[in-house]
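Asker: Have a peek at target_13.cif (mmCIF, C-alpha atoms).
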data_entry
#
loop_
_atom_site.group_PDB
_atom_site.id
_atom_site.type_symbol
_atom_site.label_atom_id
_atom_site.label_comp_id
_atom_site.auth_asym_id
_atom_site.auth_seq_id
_atom_site.Cartn_x
_atom_site.Cartn_y
_atom_site.Cartn_z
ATOM 1 C CA MET A 276 85.340 64.167 109.175
ATOM 2 C CA LEU A 277 85.774 66.380 112.207
ATOM 3 C CA LEU A 278 88.400 68.319 110.282
ATOM 4 C CA LYS A 279 85.933 68.907 107.465
ATOM 5 C CA ALA A 280 83.283 70.121 109.916
ATOM 6 C CA ILE A 281 85.720 72.567 111.524
ATOM 7 C CA TYR A 282 86.811 73.743 108.076
ATOM 8 C CA LEU A 283 83.218 74.344 106.992
ATOM 9 C CA LEU A 284 82.576 76.248 110.224
ATOM 10 C CA PHE A 285 85.476 78.623 109.612
ATOM 11 C CA ALA A 286 84.612 78.927 105.910
ATOM 12 C CA LEU A 287 81.063 79.882 106.891
ATOM 13 C CA GLY A 288 82.503 82.414 109.332
ATOM 14 C CA ALA A 289 84.683 83.925 106.605
ATOM 15 C CA VAL A 290 81.769 84.233 104.170
ATOM 16 C CA THR A 291 79.493 85.685 106.877
ATOM 17 C CA GLY A 292 82.156 88.250 107.740
ATOM 18 C CA ALA A 293 82.495 89.088 104.046
ATOM 19 C CA ALA A 294 78.731 89.598 103.757
ATOM 20 C CA ASN A 295 78.911 91.941 106.748
ATOM 21 C CA VAL A 296 81.786 93.835 105.126
ATOM 22 C CA VAL A 297 79.624 94.451 102.078
ATOM 23 C CA SER A 298 76.398 95.323 103.889
ATOM 24 C CA ARG A 299 77.384 97.209 107.071
ATOM 25 C CA ARG A 300 76.877 100.929 107.018
ATOM 26 C CA ASN A 301 79.373 102.205 109.584
ATOM 27 C CA PRO A 302 82.992 101.935 108.329
ATOM 28 C CA VAL A 303 84.149 100.872 111.809
ATOM 29 C CA ASN A 304 81.717 97.946 111.763
ATOM 30 C CA VAL A 305 83.001 97.073 108.301
ATOM 31 C CA ALA A 306 86.564 97.052 109.643
ATOM 32 C CA ILE A 307 85.611 94.748 112.528
ATOM 33 C CA SER A 308 83.813 92.370 110.131
ATOM 34 C CA LEU A 309 86.890 92.393 107.919
ATOM 35 C CA LEU A 310 89.041 91.502 110.946
ATOM 36 C CA PHE A 311 86.718 88.567 111.628
ATOM 37 C CA THR A 312 87.063 87.394 108.017
ATOM 38 C CA PHE A 313 90.856 87.682 108.165
ATOM 39 C CA LEU A 314 91.016 85.607 111.342
ATOM 40 C CA CYS A 315 88.734 82.941 109.834
ATOM 41 C CA VAL A 316 90.909 82.780 106.711
ATOM 42 C CA ALA A 317 93.995 82.447 108.937
ATOM 43 C CA SER A 318 92.297 79.492 110.646
ATOM 44 C CA LEU A 319 91.665 77.959 107.229
ATOM 45 C CA TYR A 320 95.388 78.285 106.476
ATOM 46 C CA ILE A 321 96.158 76.397 109.684
ATOM 47 C CA LEU A 322 93.701 73.667 108.680
ATOM 48 C CA HIS A 323 95.507 73.436 105.334
ATOM 49 C CA GLY A 324 98.672 72.689 107.288
ATOM 50 C CA SER A 325 100.432 76.036 106.950
ATOM 51 C CA PRO A 326 100.697 77.831 110.305
ATOM 52 C CA LEU A 327 103.430 80.076 108.872
ATOM 53 C CA LEU A 328 101.060 81.611 106.327
ATOM 54 C CA ALA A 329 98.393 81.922 109.017
ATOM 55 C CA MET A 330 100.787 83.909 111.205
ATOM 56 C CA ILE A 331 101.812 86.145 108.299
ATOM 57 C CA GLN A 332 98.130 86.640 107.459
ATOM 58 C CA ILE A 333 97.418 87.805 111.005
ATOM 59 C CA ILE A 334 100.507 90.023 111.214
ATOM 60 C CA VAL A 335 100.187 91.656 107.797
ATOM 61 C CA TYR A 336 96.424 91.769 107.207
ATOM 62 C CA ALA A 337 94.849 91.798 110.655
ATOM 63 C CA GLY A 338 97.794 93.695 112.118
ATOM 64 C CA ALA A 339 99.282 96.189 109.703
ATOM 65 C CA ILE A 340 96.670 96.798 107.016
ATOM 66 C CA LEU A 341 93.617 96.845 109.251
ATOM 67 C CA ILE A 342 95.265 99.131 111.806
ATOM 68 C CA LEU A 343 96.089 101.494 108.951
ATOM 69 C CA VAL A 344 92.465 101.390 107.777
ATOM 70 C CA VAL A 345 91.121 102.044 111.266
ATOM 71 C CA PHE A 346 93.577 104.919 111.659
ATOM 72 C CA THR A 347 92.314 106.426 108.415
ATOM 73 C CA ILE A 348 88.689 106.048 109.525
ATOM 74 C CA MET A 349 89.494 107.807 112.813
ATOM 75 C CA LEU A 350 91.551 110.476 111.029
ATOM 76 C CA LEU A 351 88.771 111.381 108.615
ATOM 77 C CA SER A 352 86.047 111.086 111.295
ATOM 78 C CA LEU A 353 83.486 109.968 108.770
ATOM 79 C CA ARG A 354 79.877 110.727 109.424
ATOM 80 C CA GLU A 355 78.177 110.341 106.102
ATOM 81 C CA PRO A 356 74.637 109.048 105.977
ATOM 82 C CA GLY A 357 73.352 106.658 103.385
ATOM 83 C CA THR A 358 76.554 105.063 102.191
ATOM 84 C CA GLY A 359 75.500 101.541 103.172
ATOM 85 C CA LEU A 360 73.071 99.287 101.387
ATOM 86 C CA ASP A 361 70.034 101.248 102.613
ATOM 87 C CA ASP A 362 68.927 102.377 99.190
ATOM 88 C CA PHE A 363 69.730 99.001 97.675
ATOM 89 C CA TRP A 364 66.296 98.058 96.351
ATOM 90 C CA THR A 365 65.555 101.467 94.889
ATOM 91 C CA ARG A 366 68.690 101.751 92.779
ATOM 92 C CA PRO A 367 68.731 99.652 89.613
ATOM 93 C CA GLN A 368 72.505 99.874 89.211
ATOM 94 C CA LYS A 369 72.987 98.203 92.578
ATOM 95 C CA LEU A 370 70.704 95.350 91.557
ATOM 96 C CA ALA A 371 72.706 95.070 88.341
ATOM 97 C CA ALA A 372 75.881 94.914 90.424
ATOM 98 C CA ALA A 373 74.336 92.141 92.545
ATOM 99 C CA ALA A 374 73.481 90.214 89.385
ATOM 100 C CA ALA A 375 77.018 90.684 88.062
ATOM 101 C CA ALA A 376 78.537 89.498 91.333
ATOM 102 C CA THR A 377 76.220 86.477 91.412
ATOM 103 C CA ILE A 378 77.213 85.549 87.866
ATOM 104 C CA LEU A 379 80.894 85.996 88.742
ATOM 105 C CA GLY A 380 80.593 83.810 91.849
ATOM 106 C CA GLY A 381 78.614 81.197 89.930
ATOM 107 C CA GLN A 382 81.278 81.071 87.248
ATOM 108 C CA LEU A 383 84.026 80.640 89.838
ATOM 109 C CA VAL A 384 82.154 77.843 91.621
ATOM 110 C CA TYR A 385 81.486 76.192 88.244
ATOM 111 C CA ILE A 386 85.185 76.354 87.387
ATOM 112 C CA ALA A 387 85.931 74.799 90.776
ATOM 113 C CA TYR A 388 83.570 71.937 89.961
ATOM 114 C CA GLN A 389 85.141 71.491 86.540
ATOM 115 C CA ALA A 390 88.553 71.298 88.201
ATOM 116 C CA LEU A 391 87.177 68.703 90.600
ATOM 117 C CA ASP A 392 86.106 66.499 87.717
ATOM 118 C CA GLN A 393 89.657 66.375 86.448
ATOM 119 C CA ALA A 394 91.157 65.924 89.885
ATOM 120 C CA THR A 395 92.083 62.474 91.019
ATOM 121 C CA PRO A 396 89.454 61.328 93.502
ATOM 122 C CA GLY A 397 90.384 61.325 97.150
ATOM 123 C CA SER A 398 93.131 63.887 96.756
ATOM 124 C CA GLY A 399 93.036 66.688 99.272
ATOM 125 C CA ALA A 400 94.599 70.093 99.666
ATOM 126 C CA ASP A 401 97.301 69.535 102.245
ATOM 127 C CA LEU A 402 100.385 71.703 102.545
ATOM 128 C CA ARG A 403 101.906 70.085 105.607
ATOM 129 C CA GLU A 404 105.341 69.234 104.148
ATOM 130 C CA LEU A 405 105.123 71.750 101.342
ATOM 131 C CA ALA A 406 104.727 74.996 103.260
ATOM 132 C CA ALA A 407 107.171 74.243 106.036
ATOM 133 C CA PRO A 408 109.224 77.396 106.664
ATOM 134 C CA ALA A 409 112.477 75.731 105.522
ATOM 135 C CA THR A 410 110.991 74.555 102.205
ATOM 136 C CA LEU A 411 109.337 77.885 101.595
ATOM 137 C CA ALA A 412 112.526 79.805 102.353
ATOM 138 C CA HIS A 413 114.557 77.645 99.972
ATOM 139 C CA VAL A 414 112.172 78.398 97.109
ATOM 140 C CA LEU A 415 111.744 82.060 98.062
ATOM 141 C CA PHE A 416 115.460 82.847 98.253
ATOM 142 C CA ASP A 417 116.510 80.700 95.310
ATOM 143 C CA LYS A 418 113.962 80.502 92.509
ATOM 144 C CA TYR A 419 112.116 83.692 93.448
ATOM 145 C CA LEU A 420 115.093 85.794 94.562
ATOM 146 C CA LEU A 421 114.606 88.505 91.936
ATOM 147 C CA PRO A 422 110.855 88.954 92.652
ATOM 148 C CA PHE A 423 111.737 89.064 96.345
ATOM 149 C CA GLU A 424 114.147 91.929 95.792
ATOM 150 C CA VAL A 425 111.661 93.695 93.523
ATOM 151 C CA ALA A 426 109.065 93.385 96.296
ATOM 152 C CA SER A 427 111.447 95.088 98.719
ATOM 153 C CA VAL A 428 111.950 97.935 96.242
ATOM 154 C CA LEU A 429 108.162 98.131 95.850
ATOM 155 C CA LEU A 430 107.724 98.509 99.598
ATOM 156 C CA LEU A 431 110.376 101.247 99.672
ATOM 157 C CA LEU A 432 108.591 103.053 96.837
ATOM 158 C CA ALA A 433 105.320 102.710 98.739
ATOM 159 C CA ILE A 434 106.879 104.363 101.786
ATOM 160 C CA VAL A 435 108.233 107.265 99.731
ATOM 161 C CA GLY A 436 104.978 107.581 97.774
ATOM 162 C CA THR A 437 102.906 107.698 100.934
ATOM 163 C CA VAL A 438 105.068 110.442 102.409
ATOM 164 C CA VAL A 439 104.892 112.463 99.194
ATOM 165 C CA LEU A 440 101.126 112.008 98.818
ATOM 166 C CA THR A 441 100.195 113.046 102.337
ATOM 167 C CA ARG A 442 102.736 115.846 102.713
ATOM 168 C CA ARG A 443 101.243 119.308 103.027
ATOM 169 C CA PRO A 444 103.143 121.817 100.907
ATOM 170 C CA LYS A 445 103.886 124.963 102.885
ATOM 171 C CA GLY A 446 101.598 127.879 102.133
ATOM 172 C CA THR A 447 98.989 125.942 100.172
ATOM 173 C CA ALA A 448 97.839 123.871 103.125
ATOM 174 C CA ALA A 449 96.111 126.768 104.814
ATOM 175 C CA ALA A 450 94.314 127.730 101.596
ATOM 176 C CA ILE A 451 93.054 124.193 100.983
ATOM 177 C CA ASP A 452 91.869 123.908 104.553
ATOM 178 C CA ALA A 453 90.083 127.232 104.340
ATOM 179 C CA ASP A 454 88.285 126.099 101.171
ATOM 180 C CA HIS A 455 86.777 123.093 102.882
ATOM 181 C CA ALA A 456 86.608 124.403 106.413
ATOM 182 C CA ASP A 457 82.818 124.228 106.388
ATOM 183 C CA GLU A 458 82.832 120.614 105.204
ATOM 184 C CA ILE A 459 85.595 119.278 107.417
ATOM 185 C CA ALA A 460 84.743 121.149 110.603
ATOM 186 C CA PRO A 461 82.611 119.271 113.122
ATOM 187 C CA PRO A 462 78.971 120.326 113.295
ATOM 188 C CA GLU A 463 77.775 122.897 115.784
ATOM 189 C CA GLY A 464 77.319 121.610 119.279
ATOM 190 C CA GLY A 465 80.068 119.057 118.815
ATOM 191 C CA ASP A 466 82.981 118.509 121.135
ATOM 192 C CA SER A 467 84.834 121.740 121.774
ATOM 193 C CA MET B 106 92.084 65.400 104.478
ATOM 194 C CA ILE B 107 90.320 68.521 103.252
ATOM 195 C CA PRO B 108 88.917 68.226 99.720
ATOM 196 C CA VAL B 109 90.202 70.789 97.243
ATOM 197 C CA SER B 110 86.655 72.001 96.550
ATOM 198 C CA PHE B 111 86.355 73.612 100.000
ATOM 199 C CA PRO B 112 89.012 76.317 99.557
ATOM 200 C CA LEU B 113 88.032 76.886 95.920
ATOM 201 C CA ILE B 114 84.377 77.524 96.713
ATOM 202 C CA THR B 115 85.139 79.607 99.814
ATOM 203 C CA GLY B 116 87.588 81.674 97.769
ATOM 204 C CA ALA B 117 84.991 82.114 95.026
ATOM 205 C CA PHE B 118 82.457 83.404 97.555
ATOM 206 C CA LEU B 119 84.953 85.820 99.109
ATOM 207 C CA PHE B 120 85.992 87.112 95.686
ATOM 208 C CA ALA B 121 82.416 87.560 94.446
ATOM 209 C CA LEU B 122 81.310 89.323 97.640
ATOM 210 C CA GLY B 123 84.358 91.599 97.444
ATOM 211 C CA ALA B 124 83.652 92.428 93.794
ATOM 212 C CA PHE B 125 80.030 93.190 94.677
ATOM 213 C CA GLY B 126 81.183 95.527 97.435
ATOM 214 C CA VAL B 127 83.638 97.304 95.141
ATOM 215 C CA ILE B 128 80.833 98.017 92.668
ATOM 216 C CA VAL B 129 78.095 98.908 95.137
ATOM 217 C CA ARG B 130 79.678 100.735 98.061
ATOM 218 C CA ARG B 131 80.322 104.453 97.792
ATOM 219 C CA ASN B 132 82.647 105.022 100.719
ATOM 220 C CA ALA B 133 86.205 104.876 99.359
ATOM 221 C CA ILE B 134 87.566 103.227 102.516
ATOM 222 C CA VAL B 135 84.926 100.490 102.350
ATOM 223 C CA VAL B 136 85.732 99.963 98.662
ATOM 224 C CA PHE B 137 89.366 99.570 99.688
ATOM 225 C CA MET B 138 88.436 96.964 102.324
ATOM 226 C CA CYS B 139 86.397 95.057 99.736
ATOM 227 C CA ILE B 140 89.512 94.921 97.538
ATOM 228 C CA GLU B 141 91.367 93.327 100.462
ATOM 229 C CA LEU B 142 88.526 90.813 100.673
ATOM 230 C CA MET B 143 89.009 89.896 97.010
ATOM 231 C CA LEU B 144 92.755 89.440 97.584
ATOM 232 C CA ASN B 145 91.989 87.074 100.457
ATOM 233 C CA GLY B 146 89.738 84.987 98.226
ATOM 234 C CA VAL B 147 92.521 84.699 95.661
ATOM 235 C CA ASN B 148 95.022 83.721 98.371
ATOM 236 C CA LEU B 149 92.738 80.978 99.636
ATOM 237 C CA THR B 150 92.309 79.624 96.102
ATOM 238 C CA LEU B 151 96.085 79.627 95.569
ATOM 239 C CA ILE B 152 96.632 77.764 98.832
ATOM 240 C CA GLY B 153 94.009 75.150 97.962
ATOM 241 C CA LEU B 154 95.333 74.524 94.470
ATOM 242 C CA ALA B 155 98.959 74.441 95.651
ATOM 243 C CA GLY B 156 98.021 71.809 98.219
ATOM 244 C CA HIS B 157 96.189 69.844 95.567
ATOM 245 C CA GLN B 158 98.933 69.984 92.953
ATOM 246 C CA GLN B 159 101.703 69.717 95.568
ATOM 247 C CA VAL B 160 103.671 72.666 94.207
ATOM 248 C CA VAL B 161 105.433 75.075 96.517
ATOM 249 C CA ASP B 162 104.969 78.087 94.224
ATOM 250 C CA GLY B 163 101.463 78.701 95.539
ATOM 251 C CA PRO B 164 102.444 79.679 99.092
ATOM 252 C CA VAL B 165 105.297 81.812 97.710
ATOM 253 C CA PHE B 166 102.808 83.642 95.498
ATOM 254 C CA VAL B 167 100.633 84.194 98.554
ATOM 255 C CA LEU B 168 103.585 85.819 100.297
ATOM 256 C CA PHE B 169 104.140 88.128 97.331
ATOM 257 C CA ILE B 170 100.435 89.020 97.185
ATOM 258 C CA MET B 171 100.587 89.960 100.861
ATOM 259 C CA ALA B 172 103.630 92.180 100.255
ATOM 260 C CA VAL B 173 101.900 93.929 97.353
ATOM 261 C CA ALA B 174 98.719 94.277 99.436
ATOM 262 C CA ALA B 175 100.695 95.998 102.188
ATOM 263 C CA ALA B 176 102.191 98.466 99.691
ATOM 264 C CA GLU B 177 98.759 98.985 98.159
ATOM 265 C CA ALA B 178 97.244 99.665 101.572
ATOM 266 C CA ALA B 179 99.813 102.362 102.346
ATOM 267 C CA VAL B 180 99.503 104.144 98.988
ATOM 268 C CA GLY B 181 95.728 103.670 98.694
ATOM 269 C CA LEU B 182 94.977 105.128 102.094
ATOM 270 C CA ALA B 183 97.363 108.016 101.409
ATOM 271 C CA ILE B 184 95.428 108.729 98.206
ATOM 272 C CA ILE B 185 92.136 108.598 100.134
ATOM 273 C CA ILE B 186 93.449 111.076 102.707
ATOM 274 C CA SER B 187 94.718 113.335 99.935
ATOM 275 C CA LEU B 188 91.332 113.201 98.181
ATOM 276 C CA TYR B 189 89.566 113.989 101.452
ATOM 277 C CA ARG B 190 91.755 117.043 101.898
ATOM 278 C CA ARG B 191 90.849 118.279 98.440
ATOM 279 C CA LYS B 192 87.147 117.444 98.289
ATOM 280 C CA GLY B 193 86.142 117.110 101.924
ATOM 281 C CA THR B 194 84.489 113.750 101.297
ATOM 282 C CA VAL B 195 85.397 110.146 100.524
ATOM 283 C CA ASP B 196 82.230 109.401 98.535
ATOM 284 C CA VAL B 197 83.540 107.859 95.308
ATOM 285 C CA SER B 198 80.592 109.170 93.276
ATOM 286 C CA SER B 199 81.721 112.730 94.022
ATOM 287 C CA PHE B 200 85.074 112.225 92.307
ATOM 288 C CA ASP B 201 83.845 112.964 88.782
ATOM 289 C CA SER B 202 86.267 115.633 87.583
ATOM 290 C CA LEU B 203 87.044 113.626 84.430
ATOM 291 C CA LYS B 204 83.383 113.366 83.471
ATOM 292 C CA GLY B 205 83.465 116.596 81.467
#
Taking this structure as input, can you express it in the form of C-alpha cells?

Answerer:
Amino acid sequence: MLLKAIYLLFALGAVTGAANVVSRRNPVNVAISLLFTFLCVASLYILHGSPLLAMIQIIVYAGAILILVVFTIMLLSLREPGTGLDDFWTRPQKLAAAAAATILGGQLVYIAYQALDQATPGSGADLRELAAPATLAHVLFDKYLLPFEVASVLLLLAIVGTVVLTRRPKGTAAAIDADHADEIAPPEGGDS
Amino acid sequence: MIPVSFPLITGAFLFALGAFGVIVRRNAIVVFMCIELMLNGVNLTLIGLAGHQQVVDGPVFVLFIMAVAAAEAAVGLAIIISLYRRKGTVDVSSFDSLKG
C-alpha cells in the first residue's frame, strides 16, 4: 500500500514535469522540467525493482542528453518571444492539437484498461529477478548480440554525422555568418 | 506489488503530453525535448509490461531505445545548430523551403 502511494507520488511528479515541459516558455525552464521528469521516471524504475535501468536512465538521459540540450540552448542564446503556449486560445490549430493529444492519451489509457481485463488479477509489474544485471547481460550478449553490435555502429555513425553536420567549411563560413550577422548578433546595449 | 495499470497509464500520459508538445511548440529544441518525453513514456510502458509478462526482452529493448535516443540527441542537436547557422532562428514554422 505504501509502495503504491510512493509510486503514485512519483508518477504524478513525472506527469507534472511533462506538463511543464509542454507549457513553459523559456527553453531553460523546459530543460529543468524535463530533468525533473527524468528523475521521477528513474524513481519509478527503482520501484519496479530495476535499479540498473534507473542508473542508466540518469546517466544517459539526465546526464548526457540533457547536458547536450542545455549546451545547445546556451550556444544559440535563444531569446525569441511568443514561442510558448501564450497564444494557445487564439490559435485553432493548437486547440486541434490538444484535441488530438487528448484522443491519443484516451486511446492509450483505454488500451491499458483492456489489457487489465485480460490480465490475471493480482499480478503486478515486478522486475526484481528479471532485470538483475547478470540476467540482463546474459540476454543482451547472447540473444541480442547482433542488435548490440548494430547499436555500437549506430553510435559511431552518430559521432561522425555530428562532426560532419556542424563542421564549418573553410571560406563559406564567413559568408554565411555575414548573411545572418544582423539576426545572430546580440541587440544593441548588450554585453560588450 | 505495483499493479500493471500504473506504469501503463503513466506512460500513456507522458506519451500524449509529448505528442501534444511536438505538435504545438515552435521552438525546435523544445520539440526535441518533447520527443524525449515520448520515448520515456514508451520505456515506462515496456518496463511495466515486461514485469507483468515476466519476459526479460522488455528491459533489453529499453536499453536499445536509450542507445538510439543518445544517437538521436547528438544528430538532432547538430541539425538544429546547422539550421540556426543557415536561418538564424530555430522556429520550426520558419523552415518552409519545401512549401513552394

Asker: Suppose a student applies the PyMOL selection byres ((chain B and resi 119) around 12) to this structure; what residues should they get, written as a PyMOL selection string?

Answerer: (chain A and resi 286-297+309+312-313+315-316+376-377+379-380+383-384) or (chain B and resi 112-118+120-126+139-150)

Asker: Can you work out which one of B:Val135, B:Ala172, B:Ile107, B:Val127 has the shortest atom-to-atom distance to A:Pro422, counting only C-alpha atoms?

Answerer: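 When distances to A:Pro422 are compared using only C-alpha atoms, the smallest one comes from B:Ala172.
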
Asker: Closest to chain A among B:Gly163, B:Gly205, B:Gly181, B:Pro108, using all atoms listed in the file?

Answerer: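 Residue with the minimum atom-to-atom distance to chain A: B:Pro108.
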
Asker: Out of B:Ile134, B:Ala155, B:Leu188, B:Leu168, which residue has the shortest atom-to-atom distance to A:Ala306 when counting only C-alpha atoms?

Answerer: B:Ile134

Asker: Of the candidates B:Val109, B:Tyr189, B:Phe200, B:Ala176, which one gets nearest to A:Ser352 if we count all atoms listed in the file?

Answerer: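 Looking only at the distances to A:Ser352, the closest residue turns out to be B:Tyr189.
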
Asker: B:Ala133: which residues within 7 Å, counting only C-alpha atoms, same-chain residues fewer than 6 positions away excluded, as a compact mmCIF listing (two decimals) with C-alpha atoms, keeping the file's coordinate frame?

Answerer:
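Saved the output as part.txt:
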# COMPACT_ATOMS: atom_id res chain seq x y z
CA VAL B 195 85.40 110.15 100.52
CA ASP B 196 82.23 109.40 98.54
CA VAL B 197 83.54 107.86 95.31

Asker: Could you check how far atom CA of B:Ile186 sits from atom CA of A:Val305, in Å to one decimal?

Answerer: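 Computing it gives 18.3 Å between the two atoms.
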
Asker: Quote the spacing between atom CA of A:Leu402 and atom CA of A:Gly324 in Å to one decimal place.

Answerer: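 These atoms are spaced 5.1 Å apart.
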
Asker: What is the distance between atom CA of A:Ala317 and atom CA of A:Ile334, in Å to one decimal?

Answerer: 10.2 Å

Asker: Tell me which of A:Leu328, A:Leu429, A:Val303, A:Ala371 sits closest to A:Arg403, counting only C-alpha atoms.

Answerer: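 Counting only C-alpha atoms, the residue closest to A:Arg403 is A:Leu328.
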
Asker: Taking the file as shown, what set of residues would the PyMOL selection byres ((chain A and resi 350) around 12) give back, as a list in words?

Answerer: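 That selection, the PyMOL selection byres ((chain A and resi 350) around 12), comes back as Ile342, Leu343, Val344, Val345, Phe346, Thr347, Ile348, Met349, Leu351, Ser352, Leu353, Arg354 and Ile459 of chain A; Ile134, Leu182, Ala183, Ile185, Ile186, Ser187, Tyr189 and Arg190 of chain B.
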
Asker: Which residues are near stretch 404-409 of chain A? Cut-off 9 Å, only C-alpha atoms, ignore same chain within fewer than 3 positions. Put them as an MDAnalysis selection string.

Answerer: (chainID A and resid 324:328 401 412:414) or (chainID B and resid 155:156 159:161 164:165)

Asker: Out of B:His157, B:Leu151, B:Phe111, B:Val136, which residue has the shortest atom-to-atom distance to chain A when counting all atoms listed in the file?

Answerer: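 Of B:His157, B:Leu151, B:Phe111, B:Val136, the one nearest chain A, counting all atoms listed in the file, is B:His157.
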
Asker: Give as an NGL selection string the residues that the PyMOL selection byres ((chain A and resi 337) around 9) matches when applied to the coordinates above.

Answerer: :A and (309-311 or 313-314 or 332-336 or 338-342)
